[in-house]
>>> print(open('data.txt').read())   # compact mmCIF, C-alpha atoms
# COMPACT_ATOMS: atom_id res chain seq x y z
CA MET A 1 -81.28 -6.59 -50.17
CA VAL A 2 -79.19 -3.75 -48.74
CA THR A 3 -75.71 -4.72 -47.61
CA ILE A 4 -73.45 -2.67 -45.36
CA ASP A 5 -70.97 -2.24 -48.19
CA SER A 6 -73.65 -0.79 -50.48
CA VAL A 7 -74.54 2.12 -48.17
CA PRO A 8 -72.72 5.32 -49.26
CA THR A 9 -70.24 6.84 -46.83
CA ARG A 10 -68.64 10.21 -46.11
CA ARG A 11 -65.05 10.82 -45.03
CA LEU A 12 -64.63 13.47 -42.34
CA ALA A 13 -61.72 15.86 -42.07
CA SER A 14 -60.28 13.56 -39.39
CA GLY A 15 -60.15 10.70 -41.88
CA ALA A 16 -62.96 8.85 -40.10
CA VAL A 17 -65.67 7.35 -42.32
CA MET A 18 -69.37 7.53 -41.49
CA PRO A 19 -72.54 6.39 -43.26
CA ALA A 20 -74.19 8.88 -45.62
CA ILE A 21 -77.66 8.22 -44.15
CA GLY A 22 -78.69 7.73 -40.56
CA MET A 23 -81.63 6.80 -38.37
CA GLY A 24 -83.04 9.67 -36.33
CA THR A 25 -84.51 9.11 -32.87
CA PHE A 26 -86.57 12.27 -32.38
CA GLY A 27 -90.01 10.76 -32.02
CA SER A 28 -90.93 11.88 -28.52
CA ASP A 29 -93.76 14.12 -29.73
CA ARG A 30 -95.63 11.10 -31.11
CA TYR A 31 -93.95 7.89 -29.92
CA GLY A 32 -92.77 6.50 -26.63
CA ALA A 33 -89.19 5.48 -25.96
CA PRO A 34 -89.90 1.74 -26.42
CA GLU A 35 -91.33 2.36 -29.90
CA VAL A 36 -88.32 4.45 -30.91
CA ALA A 37 -85.94 1.80 -29.56
CA ASP A 38 -87.76 -0.95 -31.47
CA ALA A 39 -87.40 1.12 -34.65
CA VAL A 40 -83.66 1.55 -34.03
CA ALA A 41 -83.31 -2.21 -33.51
CA GLY A 42 -85.07 -2.86 -36.81
CA ALA A 43 -82.97 -0.23 -38.55
CA ILE A 44 -79.72 -1.81 -37.36
CA ARG A 45 -80.92 -5.20 -38.59
CA ALA A 46 -81.74 -3.58 -41.94
CA GLY A 47 -78.23 -2.14 -42.31
CA TYR A 48 -78.29 1.31 -40.69
CA ARG A 49 -75.10 2.10 -38.82
CA LEU A 50 -75.51 5.84 -38.09
CA ILE A 51 -77.79 6.55 -35.12
CA ASP A 52 -78.58 10.18 -34.26
CA CYS A 53 -79.51 10.60 -30.59
CA ALA A 54 -79.98 13.45 -28.13
CA SER A 55 -80.39 13.69 -24.39
CA VAL A 56 -83.55 15.78 -24.73
CA TYR A 57 -85.32 13.08 -26.76
CA GLY A 58 -85.79 11.13 -23.54
CA ASN A 59 -85.00 7.72 -25.03
CA GLU A 60 -81.22 7.28 -24.86
CA ALA A 61 -81.44 4.58 -22.18
CA GLU A 62 -83.81 2.53 -24.33
CA VAL A 63 -81.76 3.11 -27.47
CA GLY A 64 -78.66 2.17 -25.48
CA ALA A 65 -80.15 -1.20 -24.60
CA VAL A 66 -80.65 -1.81 -28.32
CA LEU A 67 -77.07 -0.80 -29.11
CA ARG A 68 -75.67 -3.10 -26.43
CA GLU A 69 -77.75 -5.97 -27.74
CA ALA A 70 -76.66 -5.32 -31.33
CA ILE A 71 -72.97 -5.21 -30.36
CA ALA A 72 -73.33 -8.36 -28.26
CA GLY A 73 -75.06 -9.99 -31.22
CA GLY A 74 -72.13 -9.41 -33.56
CA VAL A 75 -72.39 -5.86 -34.93
CA PRO A 76 -68.83 -4.50 -34.62
CA ARG A 77 -68.70 -1.33 -32.50
CA ASP A 78 -66.46 0.34 -35.08
CA GLU A 79 -69.19 -0.13 -37.70
CA LEU A 80 -71.57 2.03 -35.65
CA PHE A 81 -71.46 5.83 -35.67
CA VAL A 82 -73.45 7.06 -32.67
CA MET A 83 -74.12 10.78 -32.14
CA SER A 84 -75.64 12.67 -29.22
CA LYS A 85 -76.26 16.30 -28.27
CA VAL A 86 -75.96 18.65 -25.32
CA TRP A 87 -79.32 20.28 -24.64
CA ASN A 88 -79.90 23.93 -23.81
CA ASP A 89 -80.19 23.39 -20.06
CA ALA A 90 -76.59 22.10 -19.91
CA HIS A 91 -74.58 24.94 -21.47
CA GLU A 92 -72.55 25.59 -18.33
CA PRO A 93 -69.23 23.76 -18.88
CA ASP A 94 -69.59 21.38 -15.93
CA ALA A 95 -73.21 20.66 -16.85
CA ALA A 96 -72.22 19.96 -20.47
CA VAL A 97 -69.59 17.44 -19.39
CA ALA A 98 -72.09 15.80 -17.03
CA SER A 99 -74.65 15.64 -19.85
CA VAL A 100 -72.23 13.83 -22.15
CA ARG A 101 -71.24 11.39 -19.42
CA ARG A 102 -74.93 10.69 -18.79
CA SER A 103 -75.46 10.02 -22.50
CA LEU A 104 -72.47 7.68 -22.54
CA ARG A 105 -73.90 5.82 -19.57
CA ASP A 106 -77.42 5.66 -20.98
CA LEU A 107 -76.21 4.56 -24.41
CA GLY A 108 -73.87 2.00 -22.86
CA LEU A 109 -70.83 3.21 -24.80
CA ASP A 110 -67.22 3.94 -23.92
CA ALA A 111 -67.09 6.72 -26.51
CA LEU A 112 -69.46 8.74 -28.67
CA ASP A 113 -68.55 9.20 -32.31
CA ALA A 114 -69.87 12.76 -32.28
CA VAL A 115 -71.36 15.21 -29.80
CA PHE A 116 -73.24 18.31 -30.96
CA VAL A 117 -74.31 21.45 -29.12
CA HIS A 118 -78.02 21.09 -29.86
CA TRP A 119 -78.80 24.83 -30.10
CA PRO A 120 -76.44 27.80 -29.72
CA PHE A 121 -78.75 29.40 -27.14
CA PRO A 122 -78.88 28.31 -23.45
CA ASN A 123 -82.63 28.83 -23.48
CA HIS A 124 -84.57 25.99 -21.96
CA HIS A 125 -88.22 25.16 -22.52
CA ALA A 126 -90.40 22.39 -21.20
CA PRO A 127 -91.30 19.43 -23.43
CA PHE A 128 -94.25 20.16 -25.72
CA ALA A 129 -93.86 23.90 -25.23
CA ASP A 130 -96.02 26.02 -27.51
CA ALA A 131 -94.36 28.25 -30.10
CA VAL A 132 -95.36 31.36 -28.11
CA ASP A 133 -93.86 30.08 -24.84
CA ARG A 134 -90.71 31.81 -23.61
CA ASP A 135 -88.01 31.05 -21.07
CA PRO A 136 -87.92 34.19 -18.85
CA ASP A 137 -84.17 33.68 -18.42
CA ALA A 138 -83.51 33.30 -22.15
CA ARG A 139 -80.34 34.86 -23.54
CA PRO A 140 -79.05 35.76 -26.99
CA TYR A 141 -76.00 34.04 -28.43
CA ILE A 142 -73.05 35.09 -26.30
CA HIS A 143 -69.89 33.90 -27.99
CA GLU A 144 -67.68 33.77 -24.89
CA GLU A 145 -70.21 31.59 -23.08
CA TYR A 146 -70.62 29.29 -26.08
CA MET A 147 -66.86 28.87 -26.36
CA ALA A 148 -66.57 28.01 -22.66
CA LEU A 149 -69.01 25.18 -23.37
CA TRP A 150 -67.08 24.20 -26.51
CA HIS A 151 -63.75 24.11 -24.68
CA ALA A 152 -65.29 21.80 -22.06
CA LEU A 153 -66.31 19.43 -24.85
CA GLU A 154 -62.80 19.67 -26.33
CA GLY A 155 -61.58 18.22 -23.04
CA LEU A 156 -63.78 15.17 -23.61
CA VAL A 157 -62.16 14.70 -27.02
CA ASP A 158 -58.75 14.87 -25.34
CA GLU A 159 -59.96 12.26 -22.86
CA GLY A 160 -61.01 9.95 -25.70
CA VAL A 161 -64.70 9.63 -24.78
CA VAL A 162 -65.83 11.85 -27.68
CA ARG A 163 -64.36 11.44 -31.16
CA HIS A 164 -65.78 14.44 -33.04
CA LEU A 165 -67.55 17.67 -32.14
CA GLY A 166 -70.40 19.25 -34.04
CA THR A 167 -72.43 22.43 -34.15
CA SER A 168 -76.17 22.46 -34.72
CA ASN A 169 -78.62 25.17 -35.73
CA VAL A 170 -75.86 27.72 -36.26
CA THR A 171 -75.40 30.31 -38.98
CA ILE A 172 -72.41 31.48 -41.02
CA PRO A 173 -71.70 34.40 -38.62
CA LYS A 174 -71.79 32.10 -35.59
CA LEU A 175 -69.80 29.36 -37.29
CA THR A 176 -67.19 31.88 -38.42
CA ALA A 177 -66.71 33.00 -34.82
CA ILE A 178 -66.56 29.42 -33.54
CA LEU A 179 -63.96 28.42 -36.11
CA ALA A 180 -61.79 31.38 -35.14
CA ASP A 181 -61.67 30.40 -31.46
CA ALA A 182 -62.02 26.61 -31.40
CA ARG A 183 -58.97 24.52 -30.58
CA ILE A 184 -60.77 21.47 -32.00
CA ARG A 185 -62.77 22.50 -35.03
CA PRO A 186 -66.30 21.19 -35.61
CA ALA A 187 -66.23 18.13 -37.83
CA LEU A 188 -69.98 18.19 -38.51
CA SER A 189 -72.81 20.69 -38.50
CA GLU A 190 -76.43 19.63 -38.18
CA MET A 191 -78.98 21.88 -39.85
CA GLU A 192 -82.44 21.81 -41.42
CA LEU A 193 -82.06 20.67 -45.03
CA HIS A 194 -84.68 19.55 -47.55
CA PRO A 195 -85.44 20.42 -51.19
CA CYS A 196 -87.56 23.47 -50.28
CA PHE A 197 -84.95 24.68 -47.78
CA GLN A 198 -81.51 24.02 -49.19
CA GLN A 199 -79.46 26.64 -47.26
CA PRO A 200 -76.97 26.86 -50.16
CA GLU A 201 -74.71 29.49 -48.59
CA LEU A 202 -74.36 27.69 -45.24
CA PHE A 203 -74.04 24.33 -46.98
CA ARG A 204 -71.21 25.64 -49.17
CA PHE A 205 -69.53 27.36 -46.22
CA CYS A 206 -69.41 24.06 -44.33
CA LEU A 207 -67.93 22.17 -47.26
CA ASP A 208 -65.34 24.90 -47.85
CA HIS A 209 -64.22 24.60 -44.22
CA GLY A 210 -64.08 20.80 -44.05
CA ILE A 211 -67.31 20.48 -42.06
CA GLN A 212 -69.73 17.72 -43.01
CA PRO A 213 -73.37 18.91 -43.20
CA VAL A 214 -75.94 16.67 -41.49
CA GLY A 215 -79.53 17.37 -42.52
CA TYR A 216 -82.48 17.07 -40.16
CA SER A 217 -86.11 17.21 -41.36
CA PRO A 218 -84.90 15.79 -44.72
CA LEU A 219 -88.47 15.09 -45.86
CA GLY A 220 -89.74 18.53 -44.92
CA SER A 221 -90.90 17.33 -41.49
CA PRO A 222 -94.44 16.31 -42.54
CA SER A 223 -95.15 14.95 -39.04
CA ARG A 224 -93.96 17.96 -37.06
CA PRO A 225 -96.29 19.15 -34.29
CA GLU A 226 -99.05 21.63 -35.08
CA ARG A 227 -97.35 24.20 -32.83
CA ASP A 228 -94.47 24.33 -35.35
CA ARG A 229 -96.68 24.99 -38.40
CA ILE A 230 -97.69 28.28 -40.00
CA GLY A 231 -99.93 28.88 -42.99
CA THR A 232 -97.13 29.82 -45.38
CA ASP A 233 -95.17 26.59 -44.90
CA VAL A 234 -94.54 24.63 -48.10
CA SER A 235 -94.75 20.83 -48.40
CA ASP A 236 -91.65 19.38 -50.05
CA MET A 237 -93.46 16.19 -50.96
CA GLU A 238 -96.13 18.15 -52.81
CA HIS A 239 -93.70 20.37 -54.71
CA PRO A 240 -94.29 19.85 -58.46
CA VAL A 241 -90.61 19.15 -59.23
CA VAL A 242 -90.30 16.57 -56.45
CA VAL A 243 -93.57 14.93 -57.47
CA SER A 244 -92.60 14.84 -61.16
CA ILE A 245 -89.25 13.20 -60.46
CA ALA A 246 -90.88 10.73 -58.07
CA GLN A 247 -93.28 9.71 -60.82
CA ALA A 248 -90.38 9.22 -63.22
CA HIS A 249 -88.71 6.88 -60.72
CA ASN A 250 -91.99 5.27 -59.65
CA VAL A 251 -91.33 5.96 -55.95
CA HIS A 252 -92.81 8.04 -53.16
CA PRO A 253 -91.69 11.71 -53.16
CA ALA A 254 -90.04 11.15 -49.76
CA LEU A 255 -87.48 8.90 -51.41
CA ILE A 256 -86.60 11.61 -53.94
CA CYS A 257 -85.85 13.94 -51.02
CA LEU A 258 -83.43 11.35 -49.60
CA LYS A 259 -81.77 10.56 -52.93
CA TRP A 260 -81.25 14.28 -53.47
CA ALA A 261 -79.80 14.75 -49.98
CA VAL A 262 -77.22 11.97 -50.27
CA GLN A 263 -76.21 12.77 -53.83
CA ARG A 264 -75.89 16.46 -52.95
CA GLY A 265 -73.43 15.62 -50.17
CA GLN A 266 -75.29 16.03 -46.90
CA ILE A 267 -76.16 13.24 -44.47
CA PRO A 268 -79.93 12.94 -43.92
CA ILE A 269 -81.23 11.46 -40.67
CA PRO A 270 -84.88 10.52 -41.31
CA PHE A 271 -86.93 8.91 -38.56
CA SER A 272 -89.71 6.36 -38.87
CA VAL A 273 -91.09 3.63 -36.63
CA LYS A 274 -92.52 1.82 -39.66
CA GLU A 275 -90.27 -0.91 -40.99
CA SER A 276 -91.51 -0.51 -44.54
CA GLN A 277 -90.52 3.15 -44.46
CA PHE A 278 -87.06 2.89 -42.93
CA LEU A 279 -86.26 -0.02 -45.24
CA ALA A 280 -87.39 2.01 -48.26
CA ASN A 281 -85.35 5.00 -47.06
CA LEU A 282 -82.17 2.92 -46.94
CA ARG A 283 -82.79 1.28 -50.31
CA ALA A 284 -83.49 4.67 -51.89
CA VAL A 285 -79.90 5.82 -51.40
CA THR A 286 -78.33 2.60 -52.64
CA GLU A 287 -80.13 2.17 -55.97
CA ASP A 288 -81.62 4.08 -58.92
CA PRO A 289 -79.80 7.40 -58.41
CA LEU A 290 -81.07 10.71 -59.67
CA THR A 291 -79.63 11.92 -62.95
CA PRO A 292 -77.50 15.08 -63.12
CA ALA A 293 -80.40 16.76 -64.90
CA GLU A 294 -82.78 15.83 -62.07
CA LEU A 295 -80.37 17.11 -59.45
CA GLU A 296 -80.14 20.38 -61.34
CA GLU A 297 -83.93 20.55 -61.63
CA LEU A 298 -84.28 20.09 -57.87
CA ARG A 299 -82.31 23.29 -57.33
CA SER A 300 -85.49 25.07 -58.45
CA ALA A 301 -87.44 23.55 -55.54
CA GLU A 302 -85.66 25.96 -53.16
CA GLN A 303 -88.31 28.11 -51.44
CA ASN A 304 -86.32 29.44 -48.46
CA ASN A 305 -88.92 27.52 -46.48
CA ARG A 306 -87.54 27.15 -42.95
CA LEU A 307 -89.90 24.90 -40.99
CA ILE A 308 -88.14 24.68 -37.61
CA LYS A 309 -88.08 28.37 -36.78
CA GLY A 310 -87.16 28.10 -33.10
CA GLN A 311 -89.52 30.73 -31.71
CA VAL A 312 -89.34 29.21 -28.21
CA PHE A 313 -85.68 30.23 -27.99
CA LEU A 314 -86.29 33.98 -28.33
CA TRP A 315 -85.05 36.16 -25.47
CA PRO A 316 -86.91 39.15 -23.97
CA GLY A 317 -85.29 41.75 -26.24
CA ALA A 318 -86.08 39.83 -29.44
CA ASP A 319 -89.48 39.40 -31.01
CA SER A 320 -88.94 37.71 -34.39
CA TRP A 321 -87.65 34.22 -35.06
CA LEU A 322 -85.45 35.78 -37.75
CA GLU A 323 -83.28 37.11 -34.94
CA LEU A 324 -82.25 33.53 -34.16
CA TRP A 325 -80.85 33.09 -37.66
CA ASP A 326 -78.71 36.22 -38.15
CA VAL A 327 -80.55 37.10 -41.35
CA ASP A 328 -78.66 40.32 -42.01
CA GLY A 329 -75.26 38.70 -41.48
CA THR A 330 -74.83 39.95 -37.92
CA ILE A 331 -75.47 38.26 -34.59
CA PRO A 332 -78.08 40.31 -32.66
CA GLY A 333 -77.53 41.04 -28.98
CA TRP A 334 -79.85 41.61 -26.05
CA ASP A 335 -82.01 44.13 -27.94
CA GLY A 336 -82.33 41.95 -31.03
CA TYR A 337 -82.75 43.85 -34.24
CA ALA A 338 -84.22 46.78 -32.30
CA ALA A 339 -83.01 49.48 -34.68
CA ASP A 340 -84.39 47.59 -37.64
CA ARG A 341 -87.75 47.13 -35.93
CA ALA A 342 -87.91 50.84 -35.21
CA ALA A 343 -87.26 51.58 -38.86
CA GLY A 344 -89.74 48.97 -40.04
CA ARG A 345 -87.06 46.94 -41.79
CA ILE A 346 -87.48 43.73 -39.78
CA ALA A 347 -91.11 43.39 -40.88
CA GLY A 348 -90.01 43.53 -44.50
CA ARG A 349 -87.48 40.79 -43.91
CA VAL A 350 -90.08 38.63 -42.19
CA ALA A 351 -92.36 38.99 -45.22
CA ALA A 352 -89.51 38.19 -47.60
CA GLU A 353 -88.45 35.14 -45.58
CA VAL A 354 -91.89 33.53 -45.33
CA THR A 355 -93.01 34.26 -48.87
CA ALA A 356 -89.78 33.48 -50.76
>>> encode(input="data.txt", output="structure tokens")
Amino acid sequence: MVTIDSVPTRRLASGAVMPAIGMGTFGSDRYGAPEVADAVAGAIRAGYRLIDCASVYGNEAEVGAVLREAIAGGVPRDELFVMSKVWNDAHEPDAAVASVRRSLRDLGLDALDAVFVHWPFPNHHAPFADAVDRDPDARPYIHEEYMALWHALEGLVDEGVVRHLGTSNVTIPKLTAILADARIRPALSEMELHPCFQQPELFRFCLDHGIQPVGYSPLGSPSRPERDRIGTDVSDMEHPVVVSIAQAHNVHPALICLKWAVQRGQIPIPFSVKESQFLANLRAVTEDPLTPAELEELRSAEQNNRLIKGQVFLWPGADSWLELWDVDGTIPGWDGYAADRAAGRIAGRVAAEVTA
């Protein structure tokens, strides 16, 4: 039986404490809002207190009904840590503020514990867009525009309706620029993290700057849509090291991914509508920890295997998803890595990235 006190926690730079594992709500590709809300209700009953939401998931109103019911039923509001995100179609400052207020209304809360900028690009795409689809008005990362959005969110912190701000899907170059110009520094940063994609440099950068990493796709996103898959993708749950350690613990490889995530120091946010799975996920991080030797062995699972590449966010002057991730340490502009493409260097980096 998992108790609230047995769930590990993380202390943010603000001094606030949050659970070290959460319940994701991104299921809109496969599940309707009522199914996601039912899963959140079951998760709260099981002992989850961190709920990761987003306006673009299309289920905040249904999740909000569950939150209101849980609070009315005796779950203290200050035990819950509820997060939401500003989607790409709301990067204009006024639109961002309106988006957060809509999330507050839909979730039935007076304040959100954290609000993230979902992607650093104001590039919108329709639900279920294919990987080759493009927004004709897409733009590269423009720091001044991003900071105008960020400063609008800082105003919501001043107002008391948002407690912490977070970045998402950013890189070290972008985060460095944001830290230099933010009045209220990001407390959290959400990024893809799983054993075959550990992002050690970004992970360490966040810790060194007092930013708590939050890991999405912590199981290697085995249920991601076909449009997000390419032939060179690696399955974390089939990696020999993960499988070997799972056998030693007599558990499913997914649970090794979660043990690793929490013991490493990030906050995973797995999603499942199946009670047996979300119960097992929570138990995994409260019992039978990995040994130091196993944690060290899992470092060798790193394959630089980014699964959520973000191709739909490319702008007209860019033609490789690597340009979204600042792979040479610089932030590309309207022409992307045009000089590198002309010299044939970008192709080499693509090959290195997908085969590493």
>>> residues_around(input="data.txt", residues="segment 200-208 of chain A", least_positions_apart="3", cutoff="12 Å", atoms="all atoms listed in the file", output="VMD selection string")
chain A and resid 11 to 13 166 to 176 179 185 to 197 211 to 215 261 264 to 267 299 302 to 304 325 to 327 329
>>> write_last_selection(input="data.txt", atoms="C-alpha atoms", output="compact mmCIF listing (two decimals), in the frame of the given file")
# COMPACT_ATOMS: atom_id res chain seq x y z
CA ARG A 11 -65.05 10.82 -45.03
CA LEU A 12 -64.63 13.47 -42.34
CA ALA A 13 -61.72 15.86 -42.07
CA GLY A 166 -70.40 19.25 -34.04
CA THR A 167 -72.43 22.43 -34.15
CA SER A 168 -76.17 22.46 -34.72
CA ASN A 169 -78.62 25.17 -35.73
CA VAL A 170 -75.86 27.72 -36.26
CA THR A 171 -75.40 30.31 -38.98
CA ILE A 172 -72.41 31.48 -41.02
CA PRO A 173 -71.70 34.40 -38.62
CA LYS A 174 -71.79 32.10 -35.59
CA LEU A 175 -69.80 29.36 -37.29
CA THR A 176 -67.19 31.88 -38.42
CA LEU A 179 -63.96 28.42 -36.11
CA ARG A 185 -62.77 22.50 -35.03
CA PRO A 186 -66.30 21.19 -35.61
CA ALA A 187 -66.23 18.13 -37.83
CA LEU A 188 -69.98 18.19 -38.51
CA SER A 189 -72.81 20.69 -38.50
CA GLU A 190 -76.43 19.63 -38.18
CA MET A 191 -78.98 21.88 -39.85
CA GLU A 192 -82.44 21.81 -41.42
CA LEU A 193 -82.06 20.67 -45.03
CA HIS A 194 -84.68 19.55 -47.55
CA PRO A 195 -85.44 20.42 -51.19
CA CYS A 196 -87.56 23.47 -50.28
CA PHE A 197 -84.95 24.68 -47.78
CA ILE A 211 -67.31 20.48 -42.06
CA GLN A 212 -69.73 17.72 -43.01
CA PRO A 213 -73.37 18.91 -43.20
CA VAL A 214 -75.94 16.67 -41.49
CA GLY A 215 -79.53 17.37 -42.52
CA ALA A 261 -79.80 14.75 -49.98
CA ARG A 264 -75.89 16.46 -52.95
CA GLY A 265 -73.43 15.62 -50.17
CA GLN A 266 -75.29 16.03 -46.90
CA ILE A 267 -76.16 13.24 -44.47
CA ARG A 299 -82.31 23.29 -57.33
CA GLU A 302 -85.66 25.96 -53.16
CA GLN A 303 -88.31 28.11 -51.44
CA ASN A 304 -86.32 29.44 -48.46
CA TRP A 325 -80.85 33.09 -37.66
CA ASP A 326 -78.71 36.22 -38.15
CA VAL A 327 -80.55 37.10 -41.35
CA GLY A 329 -75.26 38.70 -41.48
>>> closest_residue(input="data.txt", among="A:Asn88, A:Gln311, A:Thr291, A:Asn281", to="Ala43 of chain A", atoms="all atoms listed in the file")
A:Asn281
>>> residues_around(input="data.txt", residues="segment 67-78 of chain A", least_positions_apart="4", cutoff="12 Å", atoms="all atoms listed in the file", output="number ranges by chain")
A: 4, 16-19, 37-51, 53, 60-63, 82, 104-113, 163
>>> atom_distance(input="data.txt", atom1="atom CA of Glu159 of chain A", atom2="atom CA of Ile21 of chain A")
28.0 Å
>>> residues_around(input="data.txt", residues="Trp321 of chain A", least_positions_apart="5", cutoff="8 Å", atoms="only C-alpha atoms", output="list in words")
Lys309, Gly310, Gln311 and Leu314 of chain A
>>> write_last_selection(input="data.txt", atoms="C-alpha atoms", output="mmCIF file, in the frame of the given file")
data_model
loop_
_atom_site.group_PDB
_atom_site.id
_atom_site.type_symbol
_atom_site.label_atom_id
_atom_site.label_comp_id
_atom_site.auth_asym_id
_atom_site.auth_seq_id
_atom_site.Cartn_x
_atom_site.Cartn_y
_atom_site.Cartn_z
ATOM 1 C CA LYS A 309 -88.080 28.370 -36.780
ATOM 2 C CA GLY A 310 -87.160 28.100 -33.100
ATOM 3 C CA GLN A 311 -89.520 30.730 -31.710
ATOM 4 C CA LEU A 314 -86.290 33.980 -28.330
#
>>> residues_around(input="data.txt", residues="Trp87 of chain A", least_positions_apart="2", cutoff="7 Å", atoms="all atoms listed in the file", output="MDAnalysis selection string")
chainID A and resid 55:56 85 89:90 117:118
>>> residues_around(input="data.txt", residues="His143 of chain A", least_positions_apart="3", cutoff="9 Å", atoms="all atoms listed in the file", output="PyMOL selection string")
chain A and resi 146-148+174+177-178
>>> closest_residue(input="data.txt", among="A:Ile142, A:Ile269, A:Ala129, A:Val251", to="Ile331 of chain A", atoms="all atoms listed in the file")
A:Ile142
